[in-house]
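Data first, discussion second: the structure below is written as structure tokens.
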Amino acid sequence: MAKIVCFGPGPKFKGGISNYNTSLAKTLDKDPDNEVHIVSWTNQYPSIIPREFVDKSSQSDFLEGTRIKVKYITNYNNPFSWKETAKYIKSLNPDKVIFQWAISIQGIPMGSISKWLKKHCRAEIIFDLHFVVQKEDSTIDERLTKRGIKHADTYITHAYKTVDELKALYPNRDFAVNETGERSDSEATTVIKLFHPVYDLYEPDPDFDTEAFKKELGLNKHVFLFFGFIRKYKGLHNAIRAFKQVADQRDDVSLLICGEEFWATLDTSKITTKIKRGLFAVAQKLFLKNKESEQDYRPLQLIEELGLEESIVVKNEFIPNEDVNKYFQVSDCSVLYYLTATPSGVESLTYNFELPILATNVGHFPETIKDGFNGYLAEDGNIDSMAEQMLKFIEHPLPAENVRKSAENMSWENYVIAILKDLPK
């Protein structure tokens with residue numbers, strides 16, 4: 001029996017990393033010979049961060065029917081809990097500990113936990129890298145990342161761009177890169193270049209009345225979807241401006257925006273929120289290379305400024321798990337006009353609903369989106385190009401079969417096979 005610990009946010013948290021960690025654990029749990037544990041944060045970030053991270057909307061339980069054990073134990077703000085976490089993981093006597101690495105600010109606690117385990121536990125320490133170079137580009141990101149992921153026996157990446165970033169972070173370290181899961185038999189550190197698996201937590205409902213829901217939302221014939229947290233790097237401001245050009249030419253289009261503004265989840269009238277926002281703004285000015293605070297990012301204001309109230313539908317809230325399928329099933333494609341891109345949970349979720357993707361030609365997107373096959377790629381920062389791809393999609397839609405074919409090898413089962421490759425059969 002293999003004992004595996006998935007360290008990362010448990011299913012009670014919002015966001016893609018929680019979904020990812022849960023999906024990984026569920027796939028590992030499908031093998032009756034595996035014993036799977038999720039070891040989770042209780043608080044993932046410094047307390048000054050002005051945001052609600054817990055999912056208080058969803059009713060469905062992703063772990064229902066599984067044997068997975070969940071332990072919420074690690075508090076970012078309590079260093080004593082880091083040692084407690086490491087000792088708890090050791091007590092499970094695991095064969096593998098898989099850390100989800102998605103933000104450099106967690107480098108100190110995760111580095112401390114993995115360092116202790118490296119010394120006191122026989123388990124293979126795996127870091128599943130969702131990025132190496134942080135999108136926000138802080139002055140201390142590199143140091144926190146170098147410290148946080150240093151003690152891995154094995155790395156997993158989802159794009160070759162991340163492999164290159166890892167090599168640049170540790171220029172004096174040898175890496176053995178493969179796509180199969182083979183572990184290096186030399187002193188080189190193994191890097192398994194895989195992919196962001198296609199989410200299977202959310203399934204299309206074959207009985208869902210899409211036409212009725214479209215009518216309820218007031219959507220037109222052709223629906224472009226922006227889904228997920230509203231963050232500046234996701235380029236919603238560019239998508240809205242590009243859509244303006246499309247709406248000026250056609251009256252049968254809608255842009256459906258589903259997701260909450262990342263920094264607008266707390267009651268701003270509360271004194272505690274005001275204090276957190278103030279302290280966080282100071283921290284951003286000290287550490288971000290770009291001094292502009294994302295707390296002031298409000299792309300939805302463009303809707304009124306550009307006169308798009310009749311053709312843009314907004315659900316500015318966290319979408320409960322049980323409602324996610326509805327918004328994908330009424331849409332024709334996903335719009336990911338990102339400014340920077342690492343493998344995206346929204347991209348993976350889109351593939352699950354067999355929708356094509358309109359994306360910018362940045363980051364890893366050219367690795368996964370074949371222009372004219374499973375999506376269309378627009379020039380980075382070029383609003384005209386983005387609008388052209390939206391119009392092209394209407395005139396030349398792409399079949400679901402193409403999306404299905406492009407994602408057929410990106411399953412969680414294939415992903416887990418690579419992770420467990422070195423274990424005896």
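As shown in the structure tokens, the chain order sets the letters A, B, ...; within each chain, residues go from 1, and ligands are also counted from 1 in the order they appear.
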List every residue of region 104-313 of chain A that DSSP, applied to the backbone of this structure, places in helix (DSSP H, G or I), and write the result as a PyMOL selection string. chain A and resi 104-120+141-148+160-169+210-217+232-234+236-249+271-287+294-296+301-305
Determine, using only C-alpha atoms, which residues of region 211-239 of chain A have any atom at most 12 Å from an atom of region 15-30 of chain A, and tabulate each with its shortest atom pair and distance in Å to one decimal place, rows ordered by chain and then rising number, as JSON lines.
{"residue": "A:Phe227", "atom": "CA", "partner": "A:Gly16", "partner_atom": "CA", "distance": 11.6}
{"residue": "A:Gly228", "atom": "CA", "partner": "A:Gly15", "partner_atom": "CA", "distance": 8.3}
{"residue": "A:Phe229", "atom": "CA", "partner": "A:Gly15", "partner_atom": "CA", "distance": 7.9}
{"residue": "A:Ile230", "atom": "CA", "partner": "A:Gly15", "partner_atom": "CA", "distance": 11.6}
Selection: 10 Å around region 186-192 of chain A, only C-alpha atoms, excl. self and same-chain fewer than 2 positions, as a PyMOL selection string: chain A and resi 126-128+152-159+163+166+173-184+194-195+418-419
Identify all residues of region 6-154 of chain A in strand (DSSP E or B) (DSSP on the backbone) and supply them as a PyMOL selection string. chain A and resi 6-7+13+34-43+54+69-75+96-101+124-129+138+154
Do you know which residues are at most 7 Å from Asp55 (chain A) counting only C-alpha atoms, after dropping those on the same chain fewer than 4 positions away, and could you put them as a PDB file with all heavy atoms, in the first residue's frame?
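Final output, selection.pdb:
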ATOM      1  N   LYS A  12     -12.270  23.051   1.637  1.00  0.00           N
ATOM      2  CA  LYS A  12     -13.108  24.127   2.181  1.00  0.00           C
ATOM      3  C   LYS A  12     -12.682  25.506   1.646  1.00  0.00           C
ATOM      4  O   LYS A  12     -13.390  26.489   1.839  1.00  0.00           O
ATOM      5  CB  LYS A  12     -13.067  24.136   3.706  1.00  0.00           C
ATOM      6  CG  LYS A  12     -11.826  24.753   4.327  1.00  0.00           C
ATOM      7  CD  LYS A  12     -11.974  24.852   5.842  1.00  0.00           C
ATOM      8  CE  LYS A  12     -10.807  25.616   6.478  1.00  0.00           C
ATOM      9  NZ  LYS A  12     -10.966  25.736   7.940  1.00  0.00           N
ATOM     10  N   PHE A  13     -11.534  25.555   0.967  1.00  0.00           N
ATOM     11  CA  PHE A  13     -11.043  26.835   0.459  1.00  0.00           C
ATOM     12  C   PHE A  13     -11.506  27.090  -0.970  1.00  0.00           C
ATOM     13  O   PHE A  13     -11.766  26.158  -1.734  1.00  0.00           O
ATOM     14  CB  PHE A  13      -9.512  26.881   0.507  1.00  0.00           C
ATOM     15  CG  PHE A  13      -8.955  27.020   1.901  1.00  0.00           C
ATOM     16  CD1 PHE A  13      -8.442  25.922   2.559  1.00  0.00           C
ATOM     17  CD2 PHE A  13      -8.963  28.245   2.539  1.00  0.00           C
ATOM     18  CE1 PHE A  13      -7.939  26.037   3.850  1.00  0.00           C
ATOM     19  CE2 PHE A  13      -8.460  28.383   3.831  1.00  0.00           C
ATOM     20  CZ  PHE A  13      -7.949  27.268   4.487  1.00  0.00           C
ATOM     21  N   LYS A  14     -11.597  28.367  -1.314  1.00  0.00           N
ATOM     22  CA  LYS A  14     -11.895  28.778  -2.682  1.00  0.00           C
ATOM     23  C   LYS A  14     -10.663  28.591  -3.556  1.00  0.00           C
ATOM     24  O   LYS A  14      -9.534  28.568  -3.077  1.00  0.00           O
ATOM     25  CB  LYS A  14     -12.268  30.265  -2.731  1.00  0.00           C
ATOM     26  CG  LYS A  14     -13.476  30.685  -1.950  1.00  0.00           C
ATOM     27  CD  LYS A  14     -13.635  32.197  -2.048  1.00  0.00           C
ATOM     28  CE  LYS A  14     -14.808  32.718  -1.254  1.00  0.00           C
ATOM     29  NZ  LYS A  14     -14.901  34.202  -1.292  1.00  0.00           N
TER      30      LYS A  14
END
Using only C-alpha atoms, determine which residues lie at most 8 Å from Cys121 (chain A), disregarding the query and same-chain residues fewer than 3 positions distant; provide the list as a ChimeraX atom specification. /A:90,93,116-118
Selection from above, all heavy atoms, as a compact mmCIF listing (two decimals), in the first residue's frame, can you write it?
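Listed below is the output, part_36.txt:
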# COMPACT_ATOMS: atom_id res chain seq x y z
N LYS A 90 4.99 13.17 9.27
CA LYS A 90 5.91 12.06 9.54
C LYS A 90 5.17 10.90 10.22
O LYS A 90 5.42 9.72 9.93
CB LYS A 90 7.07 12.52 10.41
CG LYS A 90 8.08 11.40 10.67
CD LYS A 90 9.11 11.76 11.71
CE LYS A 90 10.02 10.56 11.99
NZ LYS A 90 10.97 10.82 13.09
N ASN A 93 3.76 8.17 8.22
CA ASN A 93 4.72 7.28 7.56
C ASN A 93 4.48 7.21 6.05
O ASN A 93 4.34 6.13 5.46
CB ASN A 93 4.66 5.87 8.16
CG ASN A 93 5.85 5.02 7.77
OD1 ASN A 93 6.94 5.55 7.50
ND2 ASN A 93 5.66 3.71 7.73
N TRP A 116 12.37 20.04 7.28
CA TRP A 116 12.29 19.13 8.42
C TRP A 116 11.98 17.72 7.95
O TRP A 116 12.59 16.74 8.42
CB TRP A 116 11.22 19.62 9.39
CG TRP A 116 11.25 18.94 10.74
CD1 TRP A 116 11.91 19.35 11.85
CD2 TRP A 116 10.60 17.70 11.09
NE1 TRP A 116 11.72 18.46 12.88
CE2 TRP A 116 10.92 17.43 12.43
CE3 TRP A 116 9.80 16.80 10.40
CZ2 TRP A 116 10.45 16.30 13.11
CZ3 TRP A 116 9.33 15.67 11.06
CH2 TRP A 116 9.65 15.42 12.40
N LEU A 117 11.05 17.59 7.02
CA LEU A 117 10.70 16.26 6.51
C LEU A 117 11.87 15.61 5.79
O LEU A 117 12.07 14.39 5.88
CB LEU A 117 9.49 16.37 5.58
CG LEU A 117 8.15 16.66 6.23
CD1 LEU A 117 7.09 16.92 5.17
CD2 LEU A 117 7.73 15.51 7.15
N LYS A 118 12.62 16.40 5.08
CA LYS A 118 13.78 15.87 4.35
C LYS A 118 14.78 15.21 5.32
O LYS A 118 15.39 14.19 4.99
CB LYS A 118 14.46 17.02 3.59
CG LYS A 118 15.63 16.61 2.72
CD LYS A 118 15.17 16.20 1.35
CE LYS A 118 16.38 16.08 0.41
NZ LYS A 118 15.96 15.68 -0.94
Best match for closeness to Glu211 (chain A) among A:Leu391, A:Leu225, A:Val330, A:Leu306, counting only C-alpha atoms: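 Going through A:Leu391, A:Leu225, A:Val330, A:Leu306 one by one, the smallest distance to Glu211 (chain A) is for A:Val330.
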Determine, counting only C-alpha atoms, which protein, DNA and RNA residues have an atom within 7 Å of an atom of Phe7 (chain A); residues of the same chain fewer than 2 positions away are not included. Present the result as a list in words. Val5, Ile38, Val39, Ser40, Val97, Ile98, Phe99 and Gln100 of chain A
If you keep N, CA and C atoms, can you produce a file of those selected residues as an mmCIF file, in the first residue's frame?
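Result file follows (selection.cif):
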data_model
loop_
_atom_site.group_PDB
_atom_site.id
_atom_site.type_symbol
_atom_site.label_atom_id
_atom_site.label_comp_id
_atom_site.auth_asym_id
_atom_site.auth_seq_id
_atom_site.Cartn_x
_atom_site.Cartn_y
_atom_site.Cartn_z
ATOM 1 N N VAL A 5 0.635 11.856 0.951
ATOM 2 C CA VAL A 5 0.137 13.091 1.555
ATOM 3 C C VAL A 5 0.096 14.177 0.482
ATOM 4 N N ILE A 38 -5.062 14.480 2.838
ATOM 5 C CA ILE A 38 -4.870 15.899 2.532
ATOM 6 C C ILE A 38 -4.479 16.583 3.835
ATOM 7 N N VAL A 39 -3.309 17.199 3.828
ATOM 8 C CA VAL A 39 -2.877 18.010 4.967
ATOM 9 C C VAL A 39 -2.951 19.459 4.510
ATOM 10 N N SER A 40 -3.755 20.231 5.206
ATOM 11 C CA SER A 40 -4.137 21.547 4.696
ATOM 12 C C SER A 40 -3.767 22.680 5.655
ATOM 13 N N VAL A 97 5.169 12.829 -0.272
ATOM 14 C CA VAL A 97 4.505 14.058 0.174
ATOM 15 C C VAL A 97 4.539 15.019 -1.003
ATOM 16 N N ILE A 98 3.365 15.399 -1.488
ATOM 17 C CA ILE A 98 3.263 16.255 -2.673
ATOM 18 C C ILE A 98 2.820 17.642 -2.239
ATOM 19 N N PHE A 99 3.719 18.615 -2.351
ATOM 20 C CA PHE A 99 3.425 19.995 -1.977
ATOM 21 C C PHE A 99 2.900 20.755 -3.189
ATOM 22 N N GLN A 100 1.799 21.480 -3.010
ATOM 23 C CA GLN A 100 1.299 22.360 -4.064
ATOM 24 C C GLN A 100 1.940 23.739 -3.891
#
